[in-house]
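K.L.:
Structure file target33.pdb (PDB, C-alpha atoms) is given on the next line.
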ATOM      1  CA  MET A  27     108.575 200.690  74.793
ATOM      2  CA  SER A  28     108.642 198.021  77.485
ATOM      3  CA  SER A  29     106.206 197.806  80.397
ATOM      4  CA  PRO A  30     107.587 198.893  83.773
ATOM      5  CA  GLY A  31     106.403 195.580  85.232
ATOM      6  CA  THR A  32     103.800 194.632  87.818
ATOM      7  CA  LEU A  33     103.777 194.396  91.566
ATOM      8  CA  THR A  34     101.918 191.430  93.025
ATOM      9  CA  ILE A  35     101.133 191.292  96.709
ATOM     10  CA  ALA A  36      99.983 187.969  98.132
ATOM     11  CA  ASP A  37      97.118 187.869 100.616
ATOM     12  CA  LYS A  38      99.507 186.426 103.191
ATOM     13  CA  VAL A  39     101.560 189.607 102.975
ATOM     14  CA  VAL A  40      98.507 191.708 103.772
ATOM     15  CA  GLU A  41      97.671 189.382 106.665
ATOM     16  CA  LYS A  42     101.166 189.551 108.145
ATOM     17  CA  THR A  43     101.282 193.313 107.674
ATOM     18  CA  ALA A  44      97.941 193.791 109.424
ATOM     19  CA  SER A  45      98.938 191.445 112.195
ATOM     20  CA  GLN A  46     102.227 193.280 112.727
ATOM     21  CA  ILE A  47     100.438 196.651 112.830
ATOM     22  CA  LEU A  48      98.219 195.367 115.632
ATOM     23  CA  LYS A  49     101.151 194.036 117.615
ATOM     24  CA  GLY A  50     102.177 197.613 118.309
ATOM     25  CA  LEU A  51      98.786 198.569 119.740
ATOM     26  CA  PRO A  52      98.678 198.729 123.546
ATOM     27  CA  GLY A  53      96.095 196.473 125.174
ATOM     28  CA  VAL A  54      95.708 194.256 122.089
ATOM     29  CA  GLY A  55      96.992 190.703 121.941
ATOM     30  CA  GLY A  56      96.610 187.389 120.259
ATOM     31  CA  THR A  57      96.793 183.661 120.710
ATOM     32  CA  THR A  58      99.583 181.399 119.585
ATOM     33  CA  SER A  59      98.184 178.235 118.107
ATOM     34  CA  GLY A  60     100.570 175.745 119.724
ATOM     35  CA  PHE A  61     100.803 172.228 118.323
ATOM     36  CA  LEU A  62      97.375 170.888 117.356
ATOM     37  CA  GLY A  63      95.901 173.348 119.823
ATOM     38  CA  ILE A  64      98.051 172.027 122.663
ATOM     39  CA  GLY A  65     100.100 174.706 124.342
ATOM     40  CA  ALA A  66      98.080 177.567 122.876
ATOM     41  CA  ASN A  67      98.898 180.760 124.694
ATOM     42  CA  SER A  68      96.818 183.928 124.885
ATOM     43  CA  SER A  69      98.836 187.004 125.697
ATOM     44  CA  LEU A  70      98.937 190.728 125.075
ATOM     45  CA  GLU A  71     102.475 190.141 123.791
ATOM     46  CA  ASN A  72     101.291 187.929 120.908
ATOM     47  CA  ARG A  73     100.161 189.089 117.494
ATOM     48  CA  PRO A  74      96.438 188.892 116.730
ATOM     49  CA  SER A  75      95.498 186.636 113.844
ATOM     50  CA  VAL A  76      94.182 188.232 110.678
ATOM     51  CA  ASP A  77      92.454 186.670 107.675
ATOM     52  CA  VAL A  78      92.156 188.689 104.511
ATOM     53  CA  THR A  79      89.708 188.390 101.652
ATOM     54  CA  LEU A  80      90.979 190.228  98.596
ATOM     55  CA  SER A  81      88.601 191.658  96.052
ATOM     56  CA  GLY A  82      90.307 193.591  93.290
ATOM     57  CA  ARG A  83      92.451 196.254  94.910
ATOM     58  CA  SER A  84      90.480 196.259  98.119
ATOM     59  CA  CYS A  85      90.055 193.766 100.915
ATOM     60  CA  THR A  86      88.099 192.872 104.001
ATOM     61  CA  LEU A  87      89.913 191.788 107.136
ATOM     62  CA  ALA A  88      88.748 189.352 109.802
ATOM     63  CA  VAL A  89      90.686 189.850 113.002
ATOM     64  CA  GLN A  90      90.737 187.583 116.042
ATOM     65  CA  LEU A  91      92.236 189.242 119.062
ATOM     66  CA  GLY A  92      92.257 189.620 122.804
ATOM     67  CA  LEU A  93      91.999 192.832 124.781
ATOM     68  CA  SER A  94      93.053 194.063 128.162
ATOM     69  CA  TYR A  95      90.219 194.300 130.686
ATOM     70  CA  PRO A  96      88.678 196.597 131.724
ATOM     71  CA  SER A  97      88.590 198.791 128.662
ATOM     72  CA  SER A  98      85.778 199.663 126.333
ATOM     73  CA  ILE A  99      85.569 196.893 123.737
ATOM     74  CA  THR A 100      83.889 199.250 121.285
ATOM     75  CA  GLU A 101      86.561 201.923 121.666
ATOM     76  CA  ALA A 102      89.425 199.440 121.470
ATOM     77  CA  THR A 103      88.103 197.706 118.364
ATOM     78  CA  GLU A 104      87.340 201.025 116.657
ATOM     79  CA  THR A 105      90.976 201.966 117.210
ATOM     80  CA  VAL A 106      91.976 198.626 115.662
ATOM     81  CA  ARG A 107      89.698 199.291 112.712
ATOM     82  CA  GLU A 108      90.980 202.800 112.111
ATOM     83  CA  ARG A 109      94.627 201.780 112.468
ATOM     84  CA  LEU A 110      94.256 198.889 110.048
ATOM     85  CA  SER A 111      92.286 200.923 107.517
ATOM     86  CA  THR A 112      94.920 203.629 107.309
ATOM     87  CA  GLU A 113      98.151 201.683 107.746
ATOM     88  CA  VAL A 114      97.392 198.629 105.615
ATOM     89  CA  GLU A 115      96.503 200.886 102.728
ATOM     90  CA  HIS A 116      99.568 203.041 103.359
ATOM     91  CA  LEU A 117     101.937 200.074 103.474
ATOM     92  CA  THR A 118     100.481 197.802 100.819
ATOM     93  CA  GLY A 119      98.321 200.002  98.607
ATOM     94  CA  VAL A 120      95.338 197.716  99.188
ATOM     95  CA  THR A 121      92.191 199.535 100.311
ATOM     96  CA  VAL A 122      90.543 198.123 103.431
ATOM     97  CA  ARG A 123      86.778 198.158 103.073
ATOM     98  CA  GLN A 124      85.723 196.417 106.265
ATOM     99  CA  VAL A 125      87.378 195.079 109.380
ATOM    100  CA  ASP A 126      85.443 192.415 111.273
ATOM    101  CA  VAL A 127      86.766 191.901 114.771
ATOM    102  CA  ALA A 128      86.110 188.866 116.971
ATOM    103  CA  VAL A 129      87.189 189.361 120.568
ATOM    104  CA  ARG A 130      88.349 185.943 121.792
ATOM    105  CA  TRP A 131      89.469 186.784 125.300
ATOM    106  CA  LEU A 132      89.804 189.596 127.794
ATOM    107  CA  LYS A 133      92.762 189.772 130.143
ATOM    108  CA  PRO A 134      92.014 191.491 133.458
ATOM    109  CA  GLU A 135      94.849 193.666 134.701
ATOM    110  CA  SER A 136      94.061 192.603 138.249
ATOM    111  CA  ALA A 137      94.815 188.979 137.370
ATOM    112  CA  ALA A 138      98.307 189.761 136.088
ATOM    113  CA  GLY A 139      99.941 189.231 139.479
ATOM    114  CA  GLY A 140      98.415 185.788 139.936
ATOM    115  CA  ARG A 141      96.556 184.554 142.961
ATOM    116  CA  GLY A 142      99.365 182.857 144.837
ATOM    117  CA  ALA A 143     101.143 186.034 145.802
ATOM    118  CA  ARG A 144      99.268 189.094 147.011
ATOM    119  CA  SER A 145     100.579 192.568 147.393
ATOM    120  CA  LEU A 146     100.444 194.432 150.678
ATOM    121  CA  ALA A 147     100.934 197.790 148.985
TER     122      ALA A 147
ATOM    123  CA  MET B1253      72.828 180.759 138.755
ATOM    124  CA  ARG B1254      71.281 178.341 136.265
ATOM    125  CA  ARG B1255      67.685 178.587 135.218
ATOM    126  CA  MET B1256      65.235 175.796 135.936
ATOM    127  CA  ALA B1257      62.231 174.852 133.856
ATOM    128  CA  ALA B1258      59.673 176.387 136.210
ATOM    129  CA  GLY B1259      57.527 177.789 133.403
ATOM    130  CA  ALA B1260      57.531 174.521 131.432
ATOM    131  CA  ASN B1261      56.670 172.581 134.567
ATOM    132  CA  ARG B1262      53.769 174.875 135.390
ATOM    133  CA  THR B1263      52.393 174.586 131.839
ATOM    134  CA  GLY B1264      52.800 170.815 131.775
ATOM    135  CA  LEU B1265      51.205 170.375 135.189
ATOM    136  CA  ILE B1266      48.284 172.629 134.224
ATOM    137  CA  ILE B1267      47.661 170.552 131.068
ATOM    138  CA  ILE B1268      47.867 167.267 132.983
ATOM    139  CA  GLY B1269      45.644 168.703 135.734
ATOM    140  CA  LEU B1270      43.047 169.816 133.206
ATOM    141  CA  LEU B1271      43.072 166.421 131.458
ATOM    142  CA  LEU B1272      42.704 164.552 134.756
ATOM    143  CA  THR B1273      39.943 166.932 135.883
ATOM    144  CA  LEU B1274      38.068 166.395 132.623
ATOM    145  CA  GLY B1275      38.555 162.628 132.936
ATOM    146  CA  GLY B1276      37.302 162.705 136.517
ATOM    147  CA  LEU B1277      34.274 164.776 135.559
ATOM    148  CA  ALA B1278      33.527 162.358 132.720
ATOM    149  CA  ILE B1279      33.681 159.362 135.089
ATOM    150  CA  LEU B1280      31.451 161.187 137.571
ATOM    151  CA  ALA B1281      29.007 162.006 134.794
ATOM    152  CA  ILE B1282      28.918 158.343 133.748
ATOM    153  CA  GLY B1283      28.516 157.270 137.380
ATOM    154  CA  PHE B1284      25.581 159.589 137.953
ATOM    155  CA  GLY B1285      24.018 158.634 134.636
ATOM    156  CA  LEU B1286      24.398 162.125 133.208
ATOM    157  CA  ALA B1287      26.377 160.889 130.209
ATOM    158  CA  GLU B1288      23.363 159.102 128.734
ATOM    159  CA  ALA B1289      22.084 162.445 127.472
ATOM    160  CA  VAL B1290      25.219 162.793 125.310
ATOM    161  CA  VAL B1291      26.039 159.161 124.536
ATOM    162  CA  PRO B1292      22.898 157.019 124.650
ATOM    163  CA  GLY B1293      23.404 153.783 126.544
ATOM    164  CA  LEU B1294      26.425 155.065 128.506
ATOM    165  CA  GLY B1295      25.169 154.627 132.056
ATOM    166  CA  ALA B1296      26.574 153.604 135.399
ATOM    167  CA  GLN B1297      25.704 149.954 134.784
ATOM    168  CA  SER B1298      26.572 149.836 131.117
ATOM    169  CA  ASP B1299      29.431 147.697 129.823
ATOM    170  CA  LEU B1300      31.037 150.705 128.100
ATOM    171  CA  GLN B1301      30.314 149.125 124.749
ATOM    172  CA  PRO B1302      30.062 152.525 122.976
ATOM    173  CA  VAL B1303      33.500 153.482 124.315
ATOM    174  CA  ALA B1304      34.979 150.044 123.708
ATOM    175  CA  GLY B1305      33.689 150.233 120.176
ATOM    176  CA  VAL B1306      36.178 153.006 119.403
ATOM    177  CA  PHE B1307      39.066 150.700 120.258
ATOM    178  CA  ALA B1308      37.700 147.932 118.040
ATOM    179  CA  LEU B1309      38.192 149.971 114.864
ATOM    180  CA  PRO B1310      40.664 148.528 112.315
ATOM    181  CA  PHE B1311      43.052 151.492 112.622
ATOM    182  CA  SER B1312      42.880 151.719 116.445
ATOM    183  CA  ALA B1313      46.329 150.156 116.851
ATOM    184  CA  LEU B1314      47.849 152.711 114.488
ATOM    185  CA  LEU B1315      46.143 155.559 116.359
ATOM    186  CA  ALA B1316      47.410 154.185 119.649
ATOM    187  CA  LEU B1317      50.944 153.959 118.236
ATOM    188  CA  VAL B1318      50.862 157.559 116.969
ATOM    189  CA  ALA B1319      49.458 158.765 120.298
ATOM    190  CA  ALA B1320      52.171 156.861 122.176
ATOM    191  CA  ILE B1321      54.913 158.383 120.019
ATOM    192  CA  ILE B1322      53.527 161.892 120.514
ATOM    193  CA  LEU B1323      53.305 161.365 124.272
ATOM    194  CA  ALA B1324      56.845 159.956 124.349
ATOM    195  CA  VAL B1325      58.208 162.980 122.467
ATOM    196  CA  ILE B1326      56.375 165.363 124.810
ATOM    197  CA  GLY B1327      57.683 163.436 127.802
ATOM    198  CA  LEU B1328      61.284 163.466 126.570
ATOM    199  CA  ARG B1329      61.151 167.170 125.789
ATOM    200  CA  TRP B1330      59.743 167.855 129.221
ATOM    201  CA  LEU B1331      62.504 165.762 130.765
ATOM    202  CA  ALA B1332      65.149 167.600 128.734
ATOM    203  CA  ALA B1333      63.712 170.918 129.872
ATOM    204  CA  GLN B1334      64.512 169.953 133.468
ATOM    205  CA  ILE B1335      68.241 170.256 132.802
ATOM    206  CA  PRO B1336      69.298 173.565 134.364
ATOM    207  CA  ARG B1337      70.687 175.949 131.763
ATOM    208  CA  LYS B1338      72.762 179.106 131.863
ATOM    209  CA  ASP B1339      70.707 181.057 129.316
ATOM    210  CA  ALA B1340      73.724 183.185 128.482
ATOM    211  CA  ALA B1341      73.346 186.090 126.111
ATOM    212  CA  LYS B1342      73.805 185.578 122.389
ATOM    213  CA  PRO B1343      77.072 186.874 120.915
ATOM    214  CA  LEU B1344      77.153 190.626 121.406
ATOM    215  CA  ARG B1345      77.779 193.070 118.568
ATOM    216  CA  LEU B1346      79.586 196.140 119.783
ATOM    217  CA  GLN B1347      80.608 198.090 116.694
ATOM    218  CA  ARG B1348      79.737 201.733 116.130
ATOM    219  CA  ASP B1349      78.986 201.431 112.422
ATOM    220  CA  ALA B1350      78.448 198.021 110.849
ATOM    221  CA  ARG B1351      79.364 199.398 107.428
ATOM    222  CA  THR B1352      83.018 199.510 108.467
ATOM    223  CA  GLY B1353      82.891 196.016 110.003
ATOM    224  CA  VAL B1354      81.352 194.220 112.946
ATOM    225  CA  THR B1355      82.760 193.543 116.389
ATOM    226  CA  THR B1356      81.581 190.356 118.042
ATOM    227  CA  VAL B1357      82.249 189.037 121.504
ATOM    228  CA  THR B1358      80.562 186.086 123.142
ATOM    229  CA  ALA B1359      78.931 186.335 126.547
ATOM    230  CA  ASN B1360      81.312 183.635 127.734
ATOM    231  CA  VAL B1361      84.362 185.812 127.026
ATOM    232  CA  ILE B1362      82.911 188.634 129.136
ATOM    233  CA  ALA B1363      81.837 186.207 131.867
ATOM    234  CA  GLU B1364      85.301 184.651 132.104
ATOM    235  CA  ALA B1365      86.930 188.082 132.397
ATOM    236  CA  VAL B1366      84.464 189.126 135.095
ATOM    237  CA  ALA B1367      85.080 185.887 137.019
ATOM    238  CA  GLU B1368      88.840 186.332 136.745
ATOM    239  CA  ASP B1369      88.492 189.944 137.879
ATOM    240  CA  LEU B1370      86.370 188.776 140.819
ATOM    241  CA  GLU B1371      88.926 186.189 141.852
ATOM    242  CA  ALA B1372      91.475 188.973 142.220
ATOM    243  CA  THR B1373      89.379 190.263 145.124
ATOM    244  CA  PRO B1374      90.990 189.313 148.410
ATOM    245  CA  GLU B1375      89.000 186.618 150.254
ATOM    246  CA  VAL B1376      87.258 185.388 147.086
ATOM    247  CA  VAL B1377      88.216 181.754 146.585
ATOM    248  CA  ASP B1378      86.216 180.994 143.469
ATOM    249  CA  ALA B1379      83.868 182.890 141.196
ATOM    250  CA  GLU B1380      81.503 182.202 138.335
ATOM    251  CA  ALA B1381      79.747 184.741 136.150
ATOM    252  CA  ILE B1382      76.978 184.561 133.571
ATOM    253  CA  LEU B1383      76.110 187.398 131.242
ATOM    254  CA  ARG B1384      72.509 187.525 130.090
ATOM    255  CA  GLY B1385      70.379 190.041 128.260
ATOM    256  CA  SER B1386      71.706 192.057 125.344
ATOM    257  CA  ALA B1387      74.455 194.567 124.577
ATOM    258  CA  LYS B1388      72.113 197.434 125.456
ATOM    259  CA  GLN B1389      70.564 195.747 128.494
ATOM    260  CA  PRO B1390      73.239 193.465 129.945
ATOM    261  CA  GLU B1391      72.422 191.465 133.036
ATOM    262  CA  LEU B1392      75.130 189.990 135.208
ATOM    263  CA  VAL B1393      74.700 186.989 137.490
ATOM    264  CA  LEU B1394      77.552 186.247 139.861
ATOM    265  CA  HIS B1395      78.337 183.427 142.222
ATOM    266  CA  VAL B1396      81.256 183.918 144.568
ATOM    267  CA  ASP B1397      82.689 181.499 147.075
ATOM    268  CA  VAL B1398      84.435 183.390 149.827
ATOM    269  CA  ASP B1399      86.754 182.349 152.588
ATOM    270  CA  GLU B1400      84.898 181.471 155.781
ATOM    271  CA  ARG B1401      86.595 184.369 157.583
ATOM    272  CA  ALA B1402      85.847 186.847 154.818
ATOM    273  CA  ASP B1403      84.155 190.179 155.362
ATOM    274  CA  ILE B1404      81.153 189.569 153.114
ATOM    275  CA  ASP B1405      80.111 193.236 153.206
ATOM    276  CA  ALA B1406      83.523 194.192 151.854
ATOM    277  CA  VAL B1407      83.261 191.576 149.103
ATOM    278  CA  VAL B1408      79.797 192.772 148.085
ATOM    279  CA  THR B1409      80.980 196.400 148.151
ATOM    280  CA  ASP B1410      83.931 195.481 145.931
ATOM    281  CA  ILE B1411      81.572 193.768 143.505
ATOM    282  CA  ALA B1412      79.228 196.750 143.473
ATOM    283  CA  GLN B1413      81.948 199.363 143.098
ATOM    284  CA  ARG B1414      84.715 197.745 141.066
ATOM    285  CA  VAL B1415      83.653 194.526 139.367
ATOM    286  CA  THR B1416      80.362 195.786 137.945
ATOM    287  CA  ARG B1417      81.942 199.091 136.918
ATOM    288  CA  ASN B1418      84.666 197.238 135.017
ATOM    289  CA  CYS B1419      82.105 195.056 133.253
ATOM    290  CA  ALA B1420      79.961 198.059 132.315
ATOM    291  CA  GLU B1421      83.047 199.860 131.014
ATOM    292  CA  ALA B1422      83.964 196.896 128.818
ATOM    293  CA  LEU B1423      80.448 196.618 127.422
ATOM    294  CA  GLY B1424      79.997 200.344 127.035
ATOM    295  CA  SER B1425      76.596 200.356 128.720
ATOM    296  CA  PRO B1426      75.427 200.189 132.335
ATOM    297  CA  LEU B1427      74.321 196.832 133.681
ATOM    298  CA  ALA B1428      70.540 196.528 133.829
ATOM    299  CA  THR B1429      70.658 194.105 136.759
ATOM    300  CA  VAL B1430      73.323 192.464 138.873
ATOM    301  CA  ALA B1431      72.527 189.388 140.952
ATOM    302  CA  VAL B1432      75.071 188.119 143.441
ATOM    303  CA  GLU B1433      75.049 184.765 145.190
ATOM    304  CA  VAL B1434      77.598 184.388 147.962
ATOM    305  CA  GLY B1435      78.723 180.999 149.188
ATOM    306  CA  ILE B1436      81.242 179.923 151.781
ATOM    307  CA  ALA B1437      84.137 177.926 150.349
ATOM    308  CA  ARG B1438      83.998 174.364 151.613
ATOM    309  CA  THR B1439      87.602 173.577 150.887
ATOM    310  CA  LYS B1440      90.423 175.331 152.602
ATOM    311  CA  GLN B1441      91.914 178.163 150.620
ATOM    312  CA  ARG B1442      95.265 177.370 149.111
ATOM    313  CA  ARG B1443      97.986 178.360 151.490
ATOM    314  CA  GLN B1444      99.764 181.540 150.502
ATOM    315  CA  ARG B1445     103.442 180.902 149.999
ATOM    316  CA  SER B1446     104.762 184.352 149.252
ATOM    317  CA  VAL B1447     103.990 188.016 149.556
ATOM    318  CA  SER B1448     104.975 190.984 147.381
ATOM    319  CA  LEU B1449     105.968 194.153 149.238
TER     320      LEU B1449
END
Just give me the structure as structure tokens.
P.N.:
Amino acid sequence: MSSPGTLTIADKVVEKTASQILKGLPGVGGTTSGFLGIGANSSLENRPSVDVTLSGRSCTLAVQLGLSYPSSITEATETVRERLSTEVEHLTGVTVRQVDVAVRWLKPESAAGGRGARSLA
Amino acid sequence: MRRMAAGANRTGLIIIGLLLTLGGLAILAIGFGLAEAVVPGLGAQSDLQPVAGVFALPFSALLALVAAIILAVIGLRWLAAQIPRKDAAKPLRLQRDARTGVTTVTANVIAEAVAEDLEATPEVVDAEAILRGSAKQPELVLHVDVDERADIDAVVTDIAQRVTRNCAEALGSPLATVAVEVGIARTKQRRQRSVSL
């Protein structure tokens, strides 16, 4: 009787999956790296960066992201943690043990309109 | 905004003052002949031979070199302490349960967001923020440059009601102290070229 075969998931797949999950979260963004750091862009439209450390069938995730401001950093990152824990496991079968989050920037909503043009409304 | 080395200066000046006072008292004691009781032969008219004898020891040069190096190090450290510093808070940890992972954010990230939020206030030309303290006891120091025609009361009210509330909301704990320094912008504010209705 032959073996049904094995399924191998690379760490990069887990990283991309986690990053894509976060892209759908409102108020969470990332930074594009640009070329040698030149032209890096931080935006709520970008995907956060995720590093994964696999250990057996579980992993720990290190997330670097930006958040909209003002919002509770604790609340927002707990939402990130919960979403990643459930959805990464659901999509990849890899158990997420810990999610370390580094908040790299905060984007104030009030600054979205820029300073050159001011609203009279 | 930045902290000066007032404490280090006070300590250094006290030490130097004490040393000079002791030196002065010693010279007075020698002058009045009171030192002879402690060091025989050390009087007002003496040629300081007992004192000079210390410097004639074979290892006196080495001692002098070591003393000079120590004094130079102290002097350089004192000089370095004069550089004003921000004394920003250490990276803050804001997670609920560290067993599921940690959340870190640097004080600079918060300060930049607060400054950007401040600059959205009408009449504020430039703003700088420093976050000190800890996650449980955050302290905010603000410097705002306002337009010369600005209503400063309105700016301060906006800081008190909106800017500090936003910062406290982000940190998840009320600000222990808020210090605001208001300056008048020296350069003319950039001319507004458009308006959104």
K.L.:
Go through the shown structure with the PyMOL selection byres ((chain A and resi 40) around 9) and write out the matching residues as an mmCIF file with C-alpha atoms, keeping the file's coordinate frame.
P.N.:
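The result, stored in expr23.cif:
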data_model
loop_
_atom_site.group_PDB
_atom_site.id
_atom_site.type_symbol
_atom_site.label_atom_id
_atom_site.label_comp_id
_atom_site.auth_asym_id
_atom_site.auth_seq_id
_atom_site.Cartn_x
_atom_site.Cartn_y
_atom_site.Cartn_z
ATOM 1 C CA ILE A 35 101.133 191.292 96.709
ATOM 2 C CA ALA A 36 99.983 187.969 98.132
ATOM 3 C CA ASP A 37 97.118 187.869 100.616
ATOM 4 C CA LYS A 38 99.507 186.426 103.191
ATOM 5 C CA VAL A 39 101.560 189.607 102.975
ATOM 6 C CA GLU A 41 97.671 189.382 106.665
ATOM 7 C CA LYS A 42 101.166 189.551 108.145
ATOM 8 C CA THR A 43 101.282 193.313 107.674
ATOM 9 C CA ALA A 44 97.941 193.791 109.424
ATOM 10 C CA SER A 45 98.938 191.445 112.195
ATOM 11 C CA VAL A 76 94.182 188.232 110.678
ATOM 12 C CA ASP A 77 92.454 186.670 107.675
ATOM 13 C CA VAL A 78 92.156 188.689 104.511
ATOM 14 C CA VAL A 114 97.392 198.629 105.615
ATOM 15 C CA THR A 118 100.481 197.802 100.819
ATOM 16 C CA VAL A 120 95.338 197.716 99.188
#
K.L.:
With distances taken over only C-alpha atoms, which of A:Gly92, A:Gly82, A:Pro52, A:Gly60 is nearest to Leu132 (chain A)?
P.N.:
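The answer is A:Gly92, which sits nearest to Leu132 (chain A).
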K.L.:
Determine the nearest neighbour of Glu108 (chain A) from the options A:Leu48, A:Leu91, A:Leu33, A:Pro134, counting only C-alpha atoms.
P.N.:
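Going through A:Leu48, A:Leu91, A:Leu33, A:Pro134 one by one, the smallest distance to Glu108 (chain A) is for A:Leu48.
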K.L.:
Report as a list in words all protein, DNA and RNA residues lying within 10 Å of Gln124 (chain A), evaluated on only C-alpha atoms, omitting residues in the same chain fewer than 4 positions from it.
P.N.:
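After dropping sequence-adjacent residues, the list is Ser84, Cys85, Thr86, Leu87, Ala88, Arg107, Leu110 and Ser111 of chain A; Ala1350, Arg1351, Thr1352, Gly1353 and Val1354 of chain B.
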K.L.:
For those residues, write C-alpha atoms to a file as a compact mmCIF listing (two decimals), keeping the file's coordinate frame.
P.N.:
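The resulting file, part-v8.txt, is reproduced below:
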# COMPACT_ATOMS: atom_id res chain seq x y z
CA SER A 84 90.48 196.26 98.12
CA CYS A 85 90.06 193.77 100.92
CA THR A 86 88.10 192.87 104.00
CA LEU A 87 89.91 191.79 107.14
CA ALA A 88 88.75 189.35 109.80
CA ARG A 107 89.70 199.29 112.71
CA LEU A 110 94.26 198.89 110.05
CA SER A 111 92.29 200.92 107.52
CA ALA B 1350 78.45 198.02 110.85
CA ARG B 1351 79.36 199.40 107.43
CA THR B 1352 83.02 199.51 108.47
CA GLY B 1353 82.89 196.02 110.00
CA VAL B 1354 81.35 194.22 112.95
K.L.:
Pull out every residue of chain B that has at least one atom within 7 Å of chain A, counting all atoms listed in the file, and report them as a PyMOL selection string.
P.N.:
chain B and resi 1346-1347+1352-1357+1361+1365+1368-1369+1372+1418-1419+1421-1424+1444-1449
K.L.:
Quick one: distance from CA of Ile1322 (chain B) to CA of Asp1339 (chain B) in Å, one decimal?
P.N.:
27.2 Å
K.L.:
When you draw a straight line from CA of Ile1362 (chain B) to CA of Arg1401 (chain B), how long is it in Å?
P.N.:
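It comes out at 29.0 Å.
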K.L.:
So what do you get for CA of Ile1282 (chain B) versus CA of Leu1294 (chain B), distance-wise?
P.N.:
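Computing it gives 6.7 Å between the two atoms.
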K.L.:
Could you give me, as an MDAnalysis selection string, the residues within 6 Å of Arg73 (chain A), counting only C-alpha atoms and dropping anything in the same chain fewer than 6 positions from it?
P.N.:
chainID A and resid 45 49 55:56
K.L.:
For the residues in that selection, give me C-alpha atoms as a PDB file, keeping the file's coordinate frame.
P.N.:
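Final output, saved to again-v2.pdb:
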ATOM      1  CA  SER A  45      98.938 191.445 112.195  1.00  0.00           C
ATOM      2  CA  LYS A  49     101.151 194.036 117.615  1.00  0.00           C
ATOM      3  CA  GLY A  55      96.992 190.703 121.941  1.00  0.00           C
ATOM      4  CA  GLY A  56      96.610 187.389 120.259  1.00  0.00           C
TER       5      GLY A  56
END
K.L.:
Suppose a student applies the PyMOL selection byres ((chain B and resi 1266-1279) around 12) to this structure; what residues should they get, written as a list in words?
P.N.:
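Applying the PyMOL selection byres ((chain B and resi 1266-1279) around 12) to the structure shown produces Gly1259, Ala1260, Asn1261, Arg1262, Thr1263, Gly1264, Leu1265, Leu1280, Ala1281, Ile1282, Gly1283, Phe1284, Gly1285, Leu1286, Ala1287, Glu1288, Val1290, Val1291, Leu1294, Gly1295, Ala1296, Leu1300, Leu1323, Ile1326 and Gly1327 of chain B.
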K.L.:
Rank B:Pro1343, B:Gly1385, B:Pro1374, B:Pro1292 by their smallest atom-to-atom distance to Val1398 (chain B), using only C-alpha atoms, and report the top residue only.
P.N.:
B:Pro1374
K.L.:
When the PyMOL selection byres ((chain B and resi 1397) around 7) is applied to the structure above, which residues does it catch, written out as a list in words?
P.N.:
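For this structure, the PyMOL selection byres ((chain B and resi 1397) around 7) resolves to Val1376, Val1377, Asp1378, Ala1379, His1395, Val1396, Val1398, Asp1399, Val1434, Gly1435, Ile1436 and Ala1437 of chain B.
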K.L.:
Would you compute, for all listed atoms of region 42-52 of chain A, the axis-aligned bounding box grown by 6 Å on each side, and then report its centre and edge lengths in Å rounded to one decimal, as lines of an AutoDock Vina configuration file?
P.N.:
center_x = 100.1
center_y = 194.1
center_z = 115.6
size_x = 16.3
size_y = 21.2
size_z = 27.9
K.L.:
At a cut-off of 6 Å around the point (98.1, 202.9, 111.4) (file coordinates), what residues fall inside when counting only C-alpha atoms? I'd like the answer as a list of chain:residue names.
P.N.:
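Checked against the point, the hits come out as A:Arg109, A:Leu110, A:Thr112, A:Glu113.
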K.L.:
Kindly provide, as a PyMOL selection string, the polymer residues lying within 10 Å of (89.9, 192.0, 153.7), counting all atoms listed in the file and using the coordinates exactly as they appear in the file.
P.N.:
chain B and resi 1373-1376+1401-1407
K.L.:
Copy region 122-129 of chain A out of the block into a file, keeping N, CA and C atoms, as a PDB file, in the first residue's frame.
P.N.:
ATOM      1  N   VAL A 122      -0.226  28.725  15.583  1.00  0.00           N
ATOM      2  CA  VAL A 122       0.506  29.948  15.961  1.00  0.00           C
ATOM      3  C   VAL A 122       0.587  30.015  17.482  1.00  0.00           C
ATOM      4  N   ARG A 123       1.813  29.961  17.976  1.00  0.00           N
ATOM      5  CA  ARG A 123       1.984  29.989  19.442  1.00  0.00           C
ATOM      6  C   ARG A 123       2.028  31.410  19.969  1.00  0.00           C
ATOM      7  N   GLN A 124       2.823  32.240  19.313  1.00  0.00           N
ATOM      8  CA  GLN A 124       2.965  33.630  19.779  1.00  0.00           C
ATOM      9  C   GLN A 124       3.020  34.569  18.587  1.00  0.00           C
ATOM     10  N   VAL A 125       2.507  35.763  18.803  1.00  0.00           N
ATOM     11  CA  VAL A 125       2.603  36.803  17.770  1.00  0.00           C
ATOM     12  C   VAL A 125       3.221  38.048  18.423  1.00  0.00           C
ATOM     13  N   ASP A 126       4.454  38.333  18.053  1.00  0.00           N
ATOM     14  CA  ASP A 126       5.107  39.551  18.546  1.00  0.00           C
ATOM     15  C   ASP A 126       4.845  40.668  17.545  1.00  0.00           C
ATOM     16  N   VAL A 127       4.390  41.791  18.054  1.00  0.00           N
ATOM     17  CA  VAL A 127       4.032  42.897  17.166  1.00  0.00           C
ATOM     18  C   VAL A 127       4.900  44.114  17.490  1.00  0.00           C
ATOM     19  N   ALA A 128       5.539  44.649  16.466  1.00  0.00           N
ATOM     20  CA  ALA A 128       6.296  45.908  16.623  1.00  0.00           C
ATOM     21  C   ALA A 128       5.561  46.977  15.824  1.00  0.00           C
ATOM     22  N   VAL A 129       5.109  47.997  16.531  1.00  0.00           N
ATOM     23  CA  VAL A 129       4.394  49.093  15.860  1.00  0.00           C
ATOM     24  C   VAL A 129       5.431  50.098  15.379  1.00  0.00           C
TER      25      VAL A 129
END
